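Chemist: A single structure is presented below for examination.
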Amino acid sequence: MIHKRRGSKYYSYKFMYRGELYSESTRQSNAKVAKEIEAAKRAELAKGEVGIFERKSIPNLKEFCDKWFSPRISGTVGDFIKQKTWDDFYKTGINALLAFEPFASARLDDIDTELIGRFATYRHAQGEKGKSVNTVNSNLRVLRRILNKAVEWHNPKKVVFLLDKTPAFDLLKGANKRDRVVTFKEEAAYLDKARINSAVLADFASRQFDTAMRPEEGYRLRWEAIAWDGGLYGEGVLRIRHGKTDAARREVPISPRVQEILRARWDAAGKPQQGWVWSNPDTHSGHVEPSTFKKIHAKSCKQAKISPFVLHEARNTSLTRLGCSGCDAWTLARIAGHQKIQMSMTYVHSQYMEGAGWWGQWWEGRKSGGRPKGPAAGAEIRYTENLENGTGERRAVTTM
């Protein structure tokens, strides 16, 4: 039905469709024209219900990236993603996708497995030596993210026609995976050299080997995120409150070695209540970055006479040891911050021959409900609930 709202010269339509109310001004003062607009709206909804709509209303990949994806995703920089992630991953990936003309001009619903395969072949052969499989797969991950967002924002009821289903496609085989497991002997040799070259690197790497945190989570670790006895079983934990998924926001147990390292750094820093644990005034962020350790890490590997590894492989090493402890997949997933349990299943019942390291002691203590042994009690950072403003936020206080 159409009607005039009080004080308005224009007719508005108002009707129910599939249990949802639709009400909007037609911007028309002629009743006959207003009824035609209402009828057109009903027909449009009916067509969208069965997937019938004008193809010309669907943007091509370039239009969608320029008008939808890039503005919305770049707007989350600082909240959900870092500037570096946007520049190095998203922006680079979008530029690579749009540089392939058949992609740039293709409507979203015309992008299929065959076209994606053509892009992968073109991208892999690009350059004098060709792009690596990892580079191509990085671009394909950006494409998958773009198409998933097109499906998420597709809303025929609101006359937003983007994409109703993403095409299924796989990443290229043969990518270099960061799945190396560093042996205890290699770890000891590396840490000895790293300690000589940079005490900060040695401490940071030790935390990586013992906590299975992502390097990025380690860089952004803050003092207020540390609780020496705040875990479920009274053990010390690191509370990670940032990440792109809910699973990434979690609590990670602290080993005795990491407790000693963090306590020493806390004392040396004057027992701060907040701020970066791994501060670095030479970076824009104020904390250490990958570039901080890049050269000195490579130097330490060379001096230790071990095969080079990236710091992310220290996380893989730690998770492998945790899996060897006998812990279940759900516990491992919570510690690792995995969003899908399938990722954690690869570590459970690990056949790592050297054993679980400190994780074995932690898991035995967890099963018995006990508390793993740690350094002697001293000045501690404890968490208390801040209920004064009703936010339930935690704040750190010092106790002796």
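Scheme for the structure tokens: letters A, B, ... for chains in order shown; per-chain residue numbers from 1; ligand numbers from 1 in order shown.
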Need the shell around Asn60 (chain A): protein/DNA/RNA residues with any atom at most 10 Å away, counting only C-alpha atoms. Skip same-chain ones fewer than 4 positions apart. Format as a ChimeraX atom specification?
Modeler: /A:56,64-65,103-111,162
Chemist: Per DSSP on the backbone, what are the helix (DSSP H, G or I) residues of region 47-286 of chain A, as a CSV table (one decimal) with C-alpha atoms, in the first residue's frame?
Modeler:
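After the write, states_8.csv holds the following:
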chain,number,residue,atom,x,y,z
A,47,LYS,CA,13.4,-11.9,-8.6
A,48,GLY,CA,16.2,-11.7,-6.0
A,49,GLU,CA,14.5,-14.5,-4.0
A,55,ARG,CA,23.6,-8.9,-14.5
A,56,LYS,CA,24.6,-5.3,-15.4
A,57,SER,CA,24.1,-4.4,-11.7
A,61,LEU,CA,36.5,-7.1,-9.8
A,62,LYS,CA,38.2,-3.7,-10.2
A,63,GLU,CA,35.0,-1.8,-9.4
A,64,PHE,CA,34.4,-3.9,-6.4
A,65,CYS,CA,37.9,-3.5,-5.1
A,66,ASP,CA,37.9,0.3,-5.6
A,67,LYS,CA,34.4,1.0,-4.3
A,68,TRP,CA,33.8,-1.7,-1.7
A,69,PHE,CA,36.7,-3.9,-0.6
A,70,SER,CA,39.6,-1.5,-0.4
A,71,PRO,CA,37.8,1.3,1.5
A,72,ARG,CA,36.1,-1.0,4.0
A,73,ILE,CA,39.1,-3.2,4.8
A,74,SER,CA,41.7,-0.4,4.9
A,83,GLN,CA,49.3,-1.1,8.4
A,84,LYS,CA,52.0,-3.5,7.3
A,85,THR,CA,49.4,-6.3,6.7
A,86,TRP,CA,47.4,-4.0,4.6
A,87,ASP,CA,50.4,-2.8,2.6
A,88,ASP,CA,52.3,-6.1,2.2
A,89,PHE,CA,49.4,-8.6,1.9
A,90,TYR,CA,46.2,-6.9,0.8
A,91,LYS,CA,47.4,-4.0,-1.2
A,92,THR,CA,50.1,-6.1,-3.0
A,93,GLY,CA,47.6,-8.8,-3.7
A,94,ILE,CA,45.0,-6.5,-5.1
A,95,ASN,CA,47.5,-4.9,-7.4
A,96,ALA,CA,48.7,-8.3,-8.7
A,97,LEU,CA,45.1,-9.4,-9.3
A,98,LEU,CA,44.1,-6.2,-11.1
A,101,GLU,CA,43.3,-7.7,-17.3
A,102,PRO,CA,40.9,-10.6,-17.7
A,103,PHE,CA,40.5,-10.5,-13.9
A,104,ALA,CA,40.1,-6.7,-13.6
A,108,LEU,CA,32.3,-11.0,-9.9
A,109,ASP,CA,29.9,-13.8,-11.1
A,110,ASP,CA,32.1,-14.5,-14.1
A,113,THR,CA,37.9,-21.9,-11.6
A,114,GLU,CA,39.1,-21.7,-15.2
A,115,LEU,CA,39.8,-18.0,-15.0
A,116,ILE,CA,41.5,-18.3,-11.6
A,117,GLY,CA,43.7,-21.1,-13.0
A,118,ARG,CA,44.7,-18.8,-15.9
A,119,PHE,CA,45.7,-16.1,-13.4
A,120,ALA,CA,47.8,-18.6,-11.3
A,121,THR,CA,49.6,-19.7,-14.5
A,122,TYR,CA,50.2,-16.1,-15.6
A,123,ARG,CA,51.4,-15.0,-12.2
A,124,HIS,CA,53.7,-18.0,-11.7
A,133,VAL,CA,54.4,-20.7,-5.4
A,134,ASN,CA,54.2,-18.8,-2.1
A,135,THR,CA,53.7,-15.5,-3.9
A,136,VAL,CA,51.0,-16.9,-6.1
A,137,ASN,CA,49.2,-18.5,-3.2
A,138,SER,CA,49.4,-15.2,-1.3
A,139,ASN,CA,47.6,-13.5,-4.1
A,140,LEU,CA,45.0,-16.3,-4.3
A,141,ARG,CA,44.3,-15.9,-0.6
A,142,VAL,CA,43.6,-12.2,-1.2
A,143,LEU,CA,41.2,-13.2,-4.0
A,144,ARG,CA,39.4,-15.6,-1.7
A,145,ARG,CA,39.0,-12.9,0.9
A,146,ILE,CA,37.6,-10.5,-1.7
A,147,LEU,CA,35.1,-13.1,-3.0
A,148,ASN,CA,34.0,-14.1,0.5
A,149,LYS,CA,33.4,-10.5,1.3
A,150,ALA,CA,31.3,-10.1,-1.9
A,151,VAL,CA,29.1,-13.0,-0.8
A,152,GLU,CA,28.9,-11.5,2.7
A,153,TRP,CA,27.8,-8.1,1.4
A,156,PRO,CA,19.2,-8.6,-3.0
A,157,LYS,CA,16.6,-7.4,-0.5
A,158,LYS,CA,18.4,-4.1,-0.3
A,184,PHE,CA,66.8,-29.1,21.5
A,185,LYS,CA,70.5,-29.2,20.6
A,186,GLU,CA,69.9,-26.6,17.7
A,187,GLU,CA,67.9,-24.4,20.0
A,188,ALA,CA,70.6,-24.4,22.7
A,189,ALA,CA,73.3,-23.6,20.2
A,190,TYR,CA,71.2,-20.9,18.6
A,191,LEU,CA,70.3,-19.2,21.9
A,192,ASP,CA,74.0,-19.2,23.0
A,193,LYS,CA,75.0,-17.2,20.0
A,194,ALA,CA,71.9,-15.1,20.0
A,195,ARG,CA,72.6,-14.1,23.6
A,196,ILE,CA,76.1,-12.9,22.7
A,197,ASN,CA,74.7,-10.9,19.7
A,199,ALA,CA,70.1,-10.4,24.7
A,200,VAL,CA,66.7,-9.2,23.5
A,201,LEU,CA,66.7,-11.6,20.6
A,202,ALA,CA,67.7,-14.5,22.9
A,203,ASP,CA,64.9,-13.6,25.3
A,204,PHE,CA,62.3,-13.2,22.6
A,205,ALA,CA,63.3,-16.5,20.9
A,206,SER,CA,63.1,-18.3,24.2
A,207,ARG,CA,59.6,-17.1,24.7
A,208,GLN,CA,58.8,-18.3,21.2
A,209,PHE,CA,60.1,-21.8,21.8
A,210,ASP,CA,58.2,-22.1,25.1
A,211,THR,CA,54.8,-20.4,24.5
A,215,PRO,CA,55.8,-13.8,16.3
A,216,GLU,CA,53.4,-10.9,15.8
A,217,GLU,CA,51.7,-11.6,19.1
A,218,GLY,CA,55.1,-11.5,20.8
A,219,TYR,CA,56.1,-8.2,19.2
A,223,TRP,CA,53.0,-5.7,30.6
A,224,GLU,CA,49.3,-5.5,31.5
A,225,ALA,CA,48.8,-8.8,29.6
A,256,PRO,CA,59.5,-21.2,34.3
A,257,ARG,CA,62.2,-20.1,31.8
A,258,VAL,CA,59.9,-17.4,30.3
A,259,GLN,CA,58.8,-16.3,33.8
A,260,GLU,CA,62.4,-15.6,34.8
A,261,ILE,CA,63.0,-13.7,31.5
A,262,LEU,CA,59.9,-11.6,31.9
A,263,ARG,CA,60.5,-10.9,35.6
A,264,ALA,CA,64.1,-9.8,34.9
A,265,ARG,CA,62.9,-7.5,32.1
A,266,TRP,CA,60.1,-6.1,34.3
A,267,ASP,CA,62.5,-5.3,37.2
A,268,ALA,CA,65.0,-3.7,34.8
Chemist: For Ile2 (chain A), work out the shell of residues within 12 Å, counting only C-alpha atoms and skipping chain neighbours fewer than 3 positions away, then give it as a PDB file with all heavy atoms, in the first residue's frame.
Modeler:
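Saved file result-v9.pdb follows:
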ATOM      1  N   ARG A   5       3.063  10.363   4.443  1.00  0.00           N
ATOM      2  CA  ARG A   5       3.392  10.611   5.832  1.00  0.00           C
ATOM      3  C   ARG A   5       2.995  12.037   6.213  1.00  0.00           C
ATOM      4  O   ARG A   5       2.964  12.931   5.372  1.00  0.00           O
ATOM      5  CB  ARG A   5       4.888  10.388   6.067  1.00  0.00           C
ATOM      6  CG  ARG A   5       5.308   8.946   5.859  1.00  0.00           C
ATOM      7  CD  ARG A   5       6.805   8.785   5.908  1.00  0.00           C
ATOM      8  NE  ARG A   5       7.205   7.390   5.707  1.00  0.00           N
ATOM      9  CZ  ARG A   5       8.444   6.981   5.531  1.00  0.00           C
ATOM     10  NH1 ARG A   5       9.430   7.874   5.511  1.00  0.00           N
ATOM     11  NH2 ARG A   5       8.709   5.702   5.368  1.00  0.00           N
ATOM     12  N   TYR A  10       5.144  13.653  -0.490  1.00  0.00           N
ATOM     13  CA  TYR A  10       5.477  12.464  -1.264  1.00  0.00           C
ATOM     14  C   TYR A  10       4.791  11.221  -0.702  1.00  0.00           C
ATOM     15  O   TYR A  10       4.554  11.114   0.505  1.00  0.00           O
ATOM     16  CB  TYR A  10       6.990  12.228  -1.277  1.00  0.00           C
ATOM     17  CG  TYR A  10       7.780  13.350  -1.910  1.00  0.00           C
ATOM     18  CD1 TYR A  10       8.792  13.999  -1.199  1.00  0.00           C
ATOM     19  CD2 TYR A  10       7.511  13.753  -3.221  1.00  0.00           C
ATOM     20  CE1 TYR A  10       9.527  15.022  -1.782  1.00  0.00           C
ATOM     21  CE2 TYR A  10       8.238  14.777  -3.807  1.00  0.00           C
ATOM     22  CZ  TYR A  10       9.237  15.414  -3.085  1.00  0.00           C
ATOM     23  OH  TYR A  10       9.950  16.433  -3.659  1.00  0.00           O
ATOM     24  N   TYR A  11       4.498  10.303  -1.603  1.00  0.00           N
ATOM     25  CA  TYR A  11       3.934   9.011  -1.199  1.00  0.00           C
ATOM     26  C   TYR A  11       5.054   8.068  -0.781  1.00  0.00           C
ATOM     27  O   TYR A  11       6.163   8.104  -1.319  1.00  0.00           O
ATOM     28  CB  TYR A  11       3.158   8.367  -2.359  1.00  0.00           C
ATOM     29  CG  TYR A  11       1.808   8.991  -2.605  1.00  0.00           C
ATOM     30  CD1 TYR A  11       1.643   9.971  -3.591  1.00  0.00           C
ATOM     31  CD2 TYR A  11       0.704   8.586  -1.873  1.00  0.00           C
ATOM     32  CE1 TYR A  11       0.415  10.540  -3.835  1.00  0.00           C
ATOM     33  CE2 TYR A  11      -0.551   9.161  -2.107  1.00  0.00           C
ATOM     34  CZ  TYR A  11      -0.685  10.127  -3.088  1.00  0.00           C
ATOM     35  OH  TYR A  11      -1.916  10.676  -3.315  1.00  0.00           O
ATOM     36  N   SER A  12       4.757   7.231   0.200  1.00  0.00           N
ATOM     37  CA  SER A  12       5.664   6.173   0.631  1.00  0.00           C
ATOM     38  C   SER A  12       4.966   4.836   0.477  1.00  0.00           C
ATOM     39  O   SER A  12       3.737   4.755   0.531  1.00  0.00           O
ATOM     40  CB  SER A  12       6.072   6.363   2.103  1.00  0.00           C
ATOM     41  OG  SER A  12       6.779   7.562   2.285  1.00  0.00           O
ATOM     42  N   TYR A  13       5.741   3.773   0.248  1.00  0.00           N
ATOM     43  CA  TYR A  13       5.127   2.440   0.212  1.00  0.00           C
ATOM     44  C   TYR A  13       5.444   1.712   1.517  1.00  0.00           C
ATOM     45  O   TYR A  13       6.434   1.982   2.187  1.00  0.00           O
ATOM     46  CB  TYR A  13       5.591   1.630  -0.992  1.00  0.00           C
ATOM     47  CG  TYR A  13       7.076   1.372  -1.083  1.00  0.00           C
ATOM     48  CD1 TYR A  13       7.707   0.440  -0.245  1.00  0.00           C
ATOM     49  CD2 TYR A  13       7.860   2.040  -2.025  1.00  0.00           C
ATOM     50  CE1 TYR A  13       9.063   0.197  -0.347  1.00  0.00           C
ATOM     51  CE2 TYR A  13       9.226   1.804  -2.121  1.00  0.00           C
ATOM     52  CZ  TYR A  13       9.812   0.877  -1.284  1.00  0.00           C
ATOM     53  OH  TYR A  13      11.163   0.639  -1.368  1.00  0.00           O
ATOM     54  N   LYS A  14       4.574   0.785   1.866  1.00  0.00           N
ATOM     55  CA  LYS A  14       4.743   0.006   3.089  1.00  0.00           C
ATOM     56  C   LYS A  14       4.074  -1.346   2.895  1.00  0.00           C
ATOM     57  O   LYS A  14       2.861  -1.414   2.666  1.00  0.00           O
ATOM     58  CB  LYS A  14       4.127   0.748   4.274  1.00  0.00           C
ATOM     59  CG  LYS A  14       4.328   0.048   5.626  1.00  0.00           C
ATOM     60  CD  LYS A  14       3.727   0.891   6.742  1.00  0.00           C
ATOM     61  CE  LYS A  14       3.943   0.240   8.098  1.00  0.00           C
ATOM     62  NZ  LYS A  14       3.344   1.054   9.190  1.00  0.00           N
ATOM     63  N   PHE A  15       4.883  -2.424   2.969  1.00  0.00           N
ATOM     64  CA  PHE A  15       4.325  -3.774   2.814  1.00  0.00           C
ATOM     65  C   PHE A  15       5.242  -4.800   3.462  1.00  0.00           C
ATOM     66  O   PHE A  15       6.407  -4.515   3.758  1.00  0.00           O
ATOM     67  CB  PHE A  15       4.115  -4.105   1.329  1.00  0.00           C
ATOM     68  CG  PHE A  15       5.377  -4.101   0.506  1.00  0.00           C
ATOM     69  CD1 PHE A  15       6.166  -5.243   0.389  1.00  0.00           C
ATOM     70  CD2 PHE A  15       5.779  -2.955  -0.172  1.00  0.00           C
ATOM     71  CE1 PHE A  15       7.322  -5.240  -0.365  1.00  0.00           C
ATOM     72  CE2 PHE A  15       6.940  -2.945  -0.931  1.00  0.00           C
ATOM     73  CZ  PHE A  15       7.713  -4.095  -1.031  1.00  0.00           C
ATOM     74  N   TYR A  22       8.958  -3.611   4.631  1.00  0.00           N
ATOM     75  CA  TYR A  22       9.640  -2.702   3.714  1.00  0.00           C
ATOM     76  C   TYR A  22       8.855  -1.394   3.681  1.00  0.00           C
ATOM     77  O   TYR A  22       7.652  -1.373   3.386  1.00  0.00           O
ATOM     78  CB  TYR A  22       9.730  -3.285   2.307  1.00  0.00           C
ATOM     79  CG  TYR A  22      10.650  -4.468   2.216  1.00  0.00           C
ATOM     80  CD1 TYR A  22      10.199  -5.748   2.516  1.00  0.00           C
ATOM     81  CD2 TYR A  22      11.981  -4.310   1.858  1.00  0.00           C
ATOM     82  CE1 TYR A  22      11.054  -6.840   2.459  1.00  0.00           C
ATOM     83  CE2 TYR A  22      12.844  -5.389   1.796  1.00  0.00           C
ATOM     84  CZ  TYR A  22      12.368  -6.650   2.088  1.00  0.00           C
ATOM     85  OH  TYR A  22      13.215  -7.726   2.029  1.00  0.00           O
ATOM     86  N   SER A  23       9.516  -0.299   4.025  1.00  0.00           N
ATOM     87  CA  SER A  23       8.876   1.006   4.056  1.00  0.00           C
ATOM     88  C   SER A  23       9.874   2.063   3.616  1.00  0.00           C
ATOM     89  O   SER A  23      10.961   2.173   4.195  1.00  0.00           O
ATOM     90  CB  SER A  23       8.364   1.304   5.469  1.00  0.00           C
ATOM     91  OG  SER A  23       7.769   2.584   5.516  1.00  0.00           O
ATOM     92  N   GLU A  24       9.519   2.813   2.562  1.00  0.00           N
ATOM     93  CA  GLU A  24      10.434   3.818   2.034  1.00  0.00           C
ATOM     94  C   GLU A  24       9.666   4.839   1.216  1.00  0.00           C
ATOM     95  O   GLU A  24       8.619   4.535   0.627  1.00  0.00           O
ATOM     96  CB  GLU A  24      11.493   3.143   1.170  1.00  0.00           C
ATOM     97  CG  GLU A  24      12.652   4.049   0.780  1.00  0.00           C
ATOM     98  CD  GLU A  24      13.730   3.290   0.024  1.00  0.00           C
ATOM     99  OE1 GLU A  24      13.632   2.055  -0.088  1.00  0.00           O
ATOM    100  OE2 GLU A  24      14.658   3.956  -0.466  1.00  0.00           O
ATOM    101  N   SER A  25      10.193   6.050   1.166  1.00  0.00           N
ATOM    102  CA  SER A  25       9.565   7.106   0.381  1.00  0.00           C
ATOM    103  C   SER A  25       9.820   6.864  -1.105  1.00  0.00           C
ATOM    104  O   SER A  25      10.912   6.451  -1.499  1.00  0.00           O
ATOM    105  CB  SER A  25      10.115   8.473   0.779  1.00  0.00           C
ATOM    106  OG  SER A  25       9.638   9.487  -0.092  1.00  0.00           O
ATOM    107  N   THR A  26       8.809   7.124  -1.937  1.00  0.00           N
ATOM    108  CA  THR A  26       8.962   6.980  -3.387  1.00  0.00           C
ATOM    109  C   THR A  26       9.488   8.260  -4.025  1.00  0.00           C
ATOM    110  O   THR A  26       9.877   8.251  -5.196  1.00  0.00           O
ATOM    111  CB  THR A  26       7.613   6.650  -4.041  1.00  0.00           C
ATOM    112  OG1 THR A  26       6.704   7.751  -3.866  1.00  0.00           O
ATOM    113  CG2 THR A  26       7.026   5.373  -3.452  1.00  0.00           C
ATOM    114  N   ARG A  27       9.508   9.347  -3.250  1.00  0.00           N
ATOM    115  CA  ARG A  27       9.915  10.667  -3.750  1.00  0.00           C
ATOM    116  C   ARG A  27       9.031  11.110  -4.915  1.00  0.00           C
ATOM    117  O   ARG A  27       9.467  11.856  -5.786  1.00  0.00           O
ATOM    118  CB  ARG A  27      11.385  10.660  -4.190  1.00  0.00           C
ATOM    119  CG  ARG A  27      12.359  10.128  -3.152  1.00  0.00           C
ATOM    120  CD  ARG A  27      12.429  11.027  -1.930  1.00  0.00           C
ATOM    121  NE  ARG A  27      12.932  12.348  -2.241  1.00  0.00           N
ATOM    122  CZ  ARG A  27      12.993  13.349  -1.369  1.00  0.00           C
ATOM    123  NH1 ARG A  27      12.531  13.182  -0.135  1.00  0.00           N
ATOM    124  NH2 ARG A  27      13.480  14.520  -1.715  1.00  0.00           N
ATOM    125  N   GLN A  28       7.779  10.639  -4.886  1.00  0.00           N
ATOM    126  CA  GLN A  28       6.824  10.993  -5.931  1.00  0.00           C
ATOM    127  C   GLN A  28       5.543  11.512  -5.289  1.00  0.00           C
ATOM    128  O   GLN A  28       5.046  10.958  -4.309  1.00  0.00           O
ATOM    129  CB  GLN A  28       6.493   9.779  -6.808  1.00  0.00           C
ATOM    130  CG  GLN A  28       7.668   9.236  -7.595  1.00  0.00           C
ATOM    131  CD  GLN A  28       8.125  10.191  -8.689  1.00  0.00           C
ATOM    132  OE1 GLN A  28       7.312  10.951  -9.249  1.00  0.00           O
ATOM    133  NE2 GLN A  28       9.427  10.163  -8.977  1.00  0.00           N
ATOM    134  N   SER A  29       4.975  12.585  -5.857  1.00  0.00           N
ATOM    135  CA  SER A  29       3.707  13.137  -5.359  1.00  0.00           C
ATOM    136  C   SER A  29       2.520  12.620  -6.164  1.00  0.00           C
ATOM    137  O   SER A  29       1.365  12.855  -5.805  1.00  0.00           O
ATOM    138  CB  SER A  29       3.739  14.672  -5.412  1.00  0.00           C
ATOM    139  OG  SER A  29       3.998  15.120  -6.740  1.00  0.00           O
ATOM    140  N   ASN A  30       2.795  11.916  -7.257  1.00  0.00           N
ATOM    141  CA  ASN A  30       1.748  11.333  -8.092  1.00  0.00           C
ATOM    142  C   ASN A  30       1.454   9.921  -7.595  1.00  0.00           C
ATOM    143  O   ASN A  30       2.331   9.056  -7.565  1.00  0.00           O
ATOM    144  CB  ASN A  30       2.209  11.309  -9.548  1.00  0.00           C
ATOM    145  CG  ASN A  30       1.112  10.847 -10.497  1.00  0.00           C
ATOM    146  OD1 ASN A  30       0.637   9.721 -10.386  1.00  0.00           O
ATOM    147  ND2 ASN A  30       0.744  11.714 -11.439  1.00  0.00           N
ATOM    148  N   ALA A  31       0.190   9.648  -7.228  1.00  0.00           N
ATOM    149  CA  ALA A  31      -0.190   8.359  -6.653  1.00  0.00           C
ATOM    150  C   ALA A  31       0.026   7.215  -7.631  1.00  0.00           C
ATOM    151  O   ALA A  31       0.471   6.124  -7.245  1.00  0.00           O
ATOM    152  CB  ALA A  31      -1.646   8.395  -6.202  1.00  0.00           C
ATOM    153  N   LYS A  32      -0.266   7.446  -8.909  1.00  0.00           N
ATOM    154  CA  LYS A  32      -0.135   6.387  -9.908  1.00  0.00           C
ATOM    155  C   LYS A  32       1.332   5.967 -10.069  1.00  0.00           C
ATOM    156  O   LYS A  32       1.666   4.780 -10.097  1.00  0.00           O
ATOM    157  CB  LYS A  32      -0.682   6.870 -11.248  1.00  0.00           C
ATOM    158  CG  LYS A  32      -0.649   5.802 -12.335  1.00  0.00           C
ATOM    159  CD  LYS A  32      -1.276   6.318 -13.630  1.00  0.00           C
ATOM    160  CE  LYS A  32      -1.233   5.236 -14.717  1.00  0.00           C
ATOM    161  NZ  LYS A  32      -1.833   5.734 -15.984  1.00  0.00           N
ATOM    162  N   VAL A  33       2.214   6.948 -10.147  1.00  0.00           N
ATOM    163  CA  VAL A  33       3.645   6.657 -10.279  1.00  0.00           C
ATOM    164  C   VAL A  33       4.163   5.961  -9.022  1.00  0.00           C
ATOM    165  O   VAL A  33       4.969   5.035  -9.088  1.00  0.00           O
ATOM    166  CB  VAL A  33       4.438   7.950 -10.549  1.00  0.00           C
ATOM    167  CG1 VAL A  33       5.935   7.660 -10.583  1.00  0.00           C
ATOM    168  CG2 VAL A  33       3.986   8.589 -11.862  1.00  0.00           C
ATOM    169  N   ALA A  34       3.678   6.403  -7.862  1.00  0.00           N
ATOM    170  CA  ALA A  34       4.095   5.804  -6.601  1.00  0.00           C
ATOM    171  C   ALA A  34       3.704   4.338  -6.541  1.00  0.00           C
ATOM    172  O   ALA A  34       4.474   3.487  -6.062  1.00  0.00           O
ATOM    173  CB  ALA A  34       3.490   6.563  -5.430  1.00  0.00           C
ATOM    174  N   LYS A  35       2.523   3.993  -7.035  1.00  0.00           N
ATOM    175  CA  LYS A  35       2.081   2.588  -7.057  1.00  0.00           C
ATOM    176  C   LYS A  35       2.956   1.754  -7.991  1.00  0.00           C
ATOM    177  O   LYS A  35       3.253   0.594  -7.715  1.00  0.00           O
ATOM    178  CB  LYS A  35       0.624   2.509  -7.491  1.00  0.00           C
ATOM    179  CG  LYS A  35      -0.362   2.980  -6.434  1.00  0.00           C
ATOM    180  CD  LYS A  35      -1.812   2.839  -6.919  1.00  0.00           C
ATOM    181  CE  LYS A  35      -2.793   3.274  -5.843  1.00  0.00           C
ATOM    182  NZ  LYS A  35      -4.198   3.139  -6.292  1.00  0.00           N
ATOM    183  N   GLU A  36       3.370   2.355  -9.102  1.00  0.00           N
ATOM    184  CA  GLU A  36       4.252   1.639 -10.028  1.00  0.00           C
ATOM    185  C   GLU A  36       5.610   1.344  -9.379  1.00  0.00           C
ATOM    186  O   GLU A  36       6.190   0.274  -9.579  1.00  0.00           O
ATOM    187  CB  GLU A  36       4.443   2.471 -11.295  1.00  0.00           C
ATOM    188  CG  GLU A  36       3.185   2.578 -12.149  1.00  0.00           C
ATOM    189  CD  GLU A  36       3.381   3.492 -13.349  1.00  0.00           C
ATOM    190  OE1 GLU A  36       4.449   4.161 -13.407  1.00  0.00           O
ATOM    191  OE2 GLU A  36       2.481   3.548 -14.211  1.00  0.00           O
ATOM    192  N   ILE A  37       6.097   2.305  -8.589  1.00  0.00           N
ATOM    193  CA  ILE A  37       7.373   2.104  -7.888  1.00  0.00           C
ATOM    194  C   ILE A  37       7.236   0.993  -6.851  1.00  0.00           C
ATOM    195  O   ILE A  37       8.118   0.146  -6.702  1.00  0.00           O
ATOM    196  CB  ILE A  37       7.822   3.413  -7.229  1.00  0.00           C
ATOM    197  CG1 ILE A  37       8.193   4.446  -8.301  1.00  0.00           C
ATOM    198  CG2 ILE A  37       9.006   3.180  -6.288  1.00  0.00           C
ATOM    199  CD1 ILE A  37       8.554   5.805  -7.758  1.00  0.00           C
ATOM    200  N   GLU A  38       6.082   0.977  -6.164  1.00  0.00           N
ATOM    201  CA  GLU A  38       5.859  -0.098  -5.182  1.00  0.00           C
ATOM    202  C   GLU A  38       5.819  -1.459  -5.872  1.00  0.00           C
ATOM    203  O   GLU A  38       6.421  -2.431  -5.404  1.00  0.00           O
ATOM    204  CB  GLU A  38       4.546   0.140  -4.440  1.00  0.00           C
ATOM    205  CG  GLU A  38       4.244  -0.949  -3.413  1.00  0.00           C
ATOM    206  CD  GLU A  38       2.799  -0.929  -2.953  1.00  0.00           C
ATOM    207  OE1 GLU A  38       1.938  -0.348  -3.657  1.00  0.00           O
ATOM    208  OE2 GLU A  38       2.532  -1.523  -1.889  1.00  0.00           O
ATOM    209  N   ALA A  39       5.154  -1.539  -6.997  1.00  0.00           N
ATOM    210  CA  ALA A  39       5.062  -2.798  -7.741  1.00  0.00           C
ATOM    211  C   ALA A  39       6.444  -3.242  -8.227  1.00  0.00           C
ATOM    212  O   ALA A  39       6.779  -4.436  -8.205  1.00  0.00           O
ATOM    213  CB  ALA A  39       4.112  -2.631  -8.924  1.00  0.00           C
TER     214      ALA A  39
END
Chemist: Have a look at A:Phe100, A:Thr346, A:Leu21, A:Phe293 and name the one nearest to Asn280 (chain A); count only C-alpha atoms.
Modeler: A:Phe293
Chemist: Report the distance between CA of Arg239 (chain A) and CA of Ile226 (chain A) in Å, rounded to one decimal place.
Modeler: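 We find that CA of Arg239 (chain A) and CA of Ile226 (chain A) lie 6.3 Å from each other.
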Chemist: Can you list, as an MDAnalysis selection string, every protein, DNA or RNA residue that comes within 12 Å of Ser285 (chain A) when you count only C-alpha atoms, leaving out same-chain residues fewer than 2 positions away?
Modeler: chainID A and resid 78 82:84 219:220 275:276 278:283 287:290 292
Chemist: Using Å and a single decimal, report how far CA of Thr331 (chain A) sits from CA of Gly357 (chain A).
Modeler: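 The value is 17.0 Å.
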